[in-house]
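As C-alpha cells, the structure follows; a few thoughts come after it.
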Amino acid sequence: MTPSVTEIMRGCAMALTQPPSPDAGPEFFASRVGMISMLANLAAQEAEHAASAAAAENTDMRALFAQAEAHDAALGGRLGTAARETDPDLSLTALDAANARLRRLLIELHERVEDAGDAGLDRAILALYVRMAEGRRLQLGG
Amino acid sequence: MTGSLAERLGVYLTRTWGEPVEVEKLARISGGASRETYRFDAKLASGRRPLILRRDPPGSLIETDRRSEFLALKSFHGRGVSAPEPLVLELEGAELERPFFIMARVDGGATGSPFQPDPYATHAAETLPIAEVCEAPALDACWRRELDYWSGVIEADELHPQPIVRAAIRRLYRNPPPPAHKLSVVHGDYRSGNFLHDGQGRVLAILDWEMAHLGDPLEDLGWAMDPLWRHNETDRVAGMLPRAEAIAIWEGASGLKVDPAAFAWWELFASVKGQAIWTSSAKEYRDGGYMEPILGFSGWLTARRHDEILAAKLAELAA
C-alpha cells in the first residue's frame with residue numbers, strides 16, 4: 001500500500017528533523033508537530049494490523065478468483081494460477097507486492113464481469129470491496 | 001533574493017503599491033495543503049491592512065491554477081457572496097520565488113455551515129471574471145469534463161492499484177447524469193471547514209476557491225454532502241443537519257430542484273474526486289521525501305476512508 005507504514009514512520013522521523021522555519025511561526029510549528037504525532041499514532045495502529053490485513057485481503061481475492069475461474073475462459077488460466085498462489089513471505093513488502101498483482105487482476109476481472117453482465121459475480125466483487133475497505137480501516141484515536 | 005519572507009514580501013508590496021510597506025506579524029496558517037497560507041499585517045502610511053498570502057508550495061496536494069482562484073474571488077467579492085477581496089496576483093513569483101496572491105483577511109470567524117448562507121446569488125456564470133480562465137462547458141458535457149480530469153489524475157498518480165475507485169469510475173462513465181439544469185460557478189471545495197462564520201448563523205467568508213470552475217451546480221452539493229465531511233456523525237450531513245433538510249435548503253436558496261438520479265451520479269463522483277485528490281497527495285508525499293505530514297495524512301487515512309465510502313456506495317447502487 002502507498003504510503004506504507006514504513007514510509008509513514010520514516011516520514012515522521014524525517015519531518016521531526018526539519019528545523020522550524022522562522023517564516024512560519026510557532027503556531028504552525030505546533031500544528032505540524034501535532035500532525036506528526038497523529039501520524040505516529042496511526043502508524044502504531046497500522047503496524048499491529050497491516051500484515052494480517054494484507055494477508056487476509058490476498059486470501060479473499062484468491063478465493064474470489066477460484067470462484068470466477070470457470071466464468072471467464074479468457075482470464076481463467078491466470079485466475080486459476082493466482083487462486084492457487086500463497087504468501088510464503090509474510091513481510092509487508094512481499095505481501096504488498098502480491099497484493100498489487102492481485103488487485104490488478106481484480107480490476108481486469110471486474111471490468112470483464114461488468115461487460116458480460118454477470119450480476120452474481122459483480123455482487124460478489126462489490127461485497128469483496130466492502131470487506132477490503134473495512135479490513136484497511138484506520139481509526140483516529142484508535 | 002535573501003532575507004526573511006516578511007522582508008521580501010515588504011519589498012514586493014512597496015514596489016507594487018508604490019509606497020513604503022512594512023510586513024508585520026507574518027505567520028503561517030495550518031491546513032490548505034495546496035498552498036502555503038500566511039496571515040500578516042501590511043503597515044502603510046494610511047494605516048494597517050490585515051492580509052492573507054497564498055503562495056504555491058514546492059509540492060502540492062492538488063495541482064490548481066492560482067489565477068483561477070484569484071479570479072474566482074474577484075468574481076464574487078462585492079457581489080453578495082462573502083468572498084475575501086483579492087488584491088494582488090503575482091504569477092512569476094518575483095521576490096517570493098514562487099507564484100502567489102494576496103487577499104484581504106477576514107478576522108474573527110470560525111469554520112463551518114455550508115447550508116445557511118446564500119452563497120450563489122443570481123449571476124450569469126459566463127460574464128464573471130472567472131470565465132476568463134474557465135471554459136464554459138455545454139450543459140450535457142459538465143459531468144464528462146470533470147470525470148475525465150479526475151480519473152486522469154488517478155491514472156497519472158496512482159502508486160498502488162485501486163480497484164474500488166476504478167469500479168466507481170467505470171460506473172460513472174456507463175451511467176452518465178442528465179444535462180445540468182443550468183451552468184454555474186462551482187466552488188469545487190464547498191464543504192464544512194471552508195467557511196468562516198461568526199457563531200450567530202452569519203457566514204463571514206467562503207474560502208479555498210482554488211478548484212473553482214464552471215459546471216453543474218449539483219457538483220458542489222454532492223461534494224458538501226459526501227460522508228467524509230460528516231466526521232463521526234452517521235445521519236447528519238456535514239455533521240450539521242439531516243439530508244432531506246439540507247437538500248430542501250439548497251433547493252430554496254438556488255431555485256433549482258435536485259433530480260435524484262442526477263444527484264446520485266454527483267454524489268458518487270464526489271467520492272471519486274476525493275480519492276483522486278488523496279491519490280495525488282500520497283504521490284506528493286513520496287516525491288517530496290515524506291517531509292509534509294499533511295500529505296501523508298490525506299494520502300493515507302483519508303484515502304482509506306474514501307475507499308470505505310466508495311465501496312458502500314457501489315454496493316448500495318447495485319442492490
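Residue numbering restarts at 1 for every chain of the C-alpha cells, chains are lettered A, B, ... in their displayed order, and ligands are numbered from 1 as they appear.
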At most 8 Å to chain A: residues in chain B, only C-alpha atoms, as a PyMOL selection string | chain B and resi 4-6+26-30+38+159-164+166-167+282+286+289-294+296-297+299-301+304-305+307-308+311-312+314-315+318
What's the 7 Å shell around Phe65 in chain A, counting only C-alpha atoms, without same-chain residues fewer than 2 positions away, as a list in words?
-> Met61, Arg62, Ala63, Gln67, Ala68, Glu69, Leu79, Gly80 and Ala83 of chain A
In range 18-73 of chain A, what's alpha helix (DSSP H) per DSSP? Answer as number ranges by chain?
-> A: 26-68, 73
Write a file of the just-selected residues containing C-alpha atoms, as a compact mmCIF listing (two decimals), in the first residue's frame.
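Printed below is again-v7.txt as written:
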# COMPACT_ATOMS: atom_id res chain seq x y z
CA PRO A 26 5.24 28.90 16.43
CA GLU A 27 1.54 28.22 15.82
CA PHE A 28 2.23 26.50 12.53
CA PHE A 29 5.12 24.55 14.01
CA ALA A 30 2.94 23.31 16.90
CA SER A 31 0.26 22.24 14.44
CA ARG A 32 2.83 20.42 12.33
CA VAL A 33 4.17 18.53 15.35
CA GLY A 34 0.59 17.65 16.27
CA MET A 35 0.06 16.21 12.80
CA ILE A 36 3.27 14.18 13.08
CA SER A 37 2.11 12.86 16.44
CA MET A 38 -1.24 11.84 14.95
CA LEU A 39 0.52 10.06 12.06
CA ALA A 40 2.78 8.21 14.50
CA ASN A 41 -0.25 7.05 16.48
CA LEU A 42 -1.95 5.83 13.32
CA ALA A 43 1.27 4.10 12.31
CA ALA A 44 1.27 2.23 15.62
CA GLN A 45 -2.24 1.06 14.82
CA GLU A 46 -1.23 0.09 11.29
CA ALA A 47 1.90 -1.74 12.45
CA GLU A 48 -0.31 -4.03 14.50
CA HIS A 49 -2.68 -4.90 11.66
CA ALA A 50 -1.02 -4.21 8.30
CA ALA A 51 0.40 -7.68 7.67
CA SER A 52 -2.71 -9.57 8.73
CA ALA A 53 -4.93 -7.18 6.74
CA ALA A 54 -2.83 -7.61 3.60
CA ALA A 55 -2.71 -11.39 4.00
CA ALA A 56 -6.46 -11.59 4.59
CA GLU A 57 -7.16 -9.39 1.57
CA ASN A 58 -4.89 -11.51 -0.63
CA THR A 59 -6.63 -14.68 0.54
CA ASP A 60 -10.04 -13.12 -0.08
CA MET A 61 -9.11 -12.10 -3.64
CA ARG A 62 -7.72 -15.55 -4.38
CA ALA A 63 -10.94 -17.17 -3.15
CA LEU A 64 -12.90 -14.95 -5.49
CA PHE A 65 -10.59 -15.81 -8.41
CA ALA A 66 -11.20 -19.51 -7.72
CA GLN A 67 -14.93 -18.81 -7.88
CA ALA A 68 -14.56 -16.76 -11.09
CA ALA A 73 -12.47 -18.52 -20.35
Correct to one decimal, the distance CA of Leu147 in chain B-CA of Gly274 in chain B is 11.8 Å
What is the CA of Glu19 in chain B to CA of Ala45 in chain B distance in Å?
-> 8.2 Å
Name all residues at most 12 Å from Asp148 in chain B (count only C-alpha atoms; drop same-chain ones fewer than 3 positions away) and give them as an MDAnalysis selection string.
-> chainID B and resid 141:145 151:156 169:170 172:173 269 272:273 276
What gap, in Å, lies between CA of Glu22 in chain B and CA of Glu7 in chain B?
-> 7.8 Å
Selection near range 69-79 of chain B, 10 Å with only C-alpha atoms, sequence-local residues under 6 positions removed, as a PyMOL selection string = chain B and resi 54+85-89+100-103+119-123+125+127-134+185-187+205-213
Which is closer to Val165 in chain B than all the others in B:Leu91, B:Leu310, B:Ala270, B:Leu51, using only C-alpha atoms?
-> B:Leu310
Neighbouring residues of Asp216 in chain B were defined as those with any atom within 10 Å, considering only C-alpha atoms; residues of the same chain fewer than 5 positions away were excluded. Please report them as a tab-separated table (two decimals) with C-alpha atoms, in the first residue's frame.
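And here is the file that came out, selection25.tsv:
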chain	number	residue	atom	x	y	z
B	137	PRO	CA	-18.85	23.52	-20.97
B	138	ALA	CA	-22.10	22.57	-22.69
B	139	LEU	CA	-24.81	21.58	-20.22
B	140	ASP	CA	-24.53	17.94	-21.22
B	141	ALA	CA	-20.71	17.96	-21.00
B	142	CYS	CA	-20.19	19.20	-17.43
B	143	TRP	CA	-20.02	15.70	-16.00
B	146	GLU	CA	-14.88	16.69	-14.50
B	179	PRO	CA	-27.58	17.53	-18.56
B	180	ALA	CA	-27.02	20.23	-15.96
B	181	HIS	CA	-30.12	22.30	-15.27
B	182	LYS	CA	-28.00	25.44	-15.66
B	183	LEU	CA	-24.36	26.44	-15.84
B	184	SER	CA	-22.96	27.79	-12.55
B	185	VAL	CA	-19.73	28.74	-10.93
B	186	VAL	CA	-18.83	25.62	-8.99
B	221	LEU	CA	-23.98	19.92	-3.32
B	266	TRP	CA	-22.70	13.61	-8.49
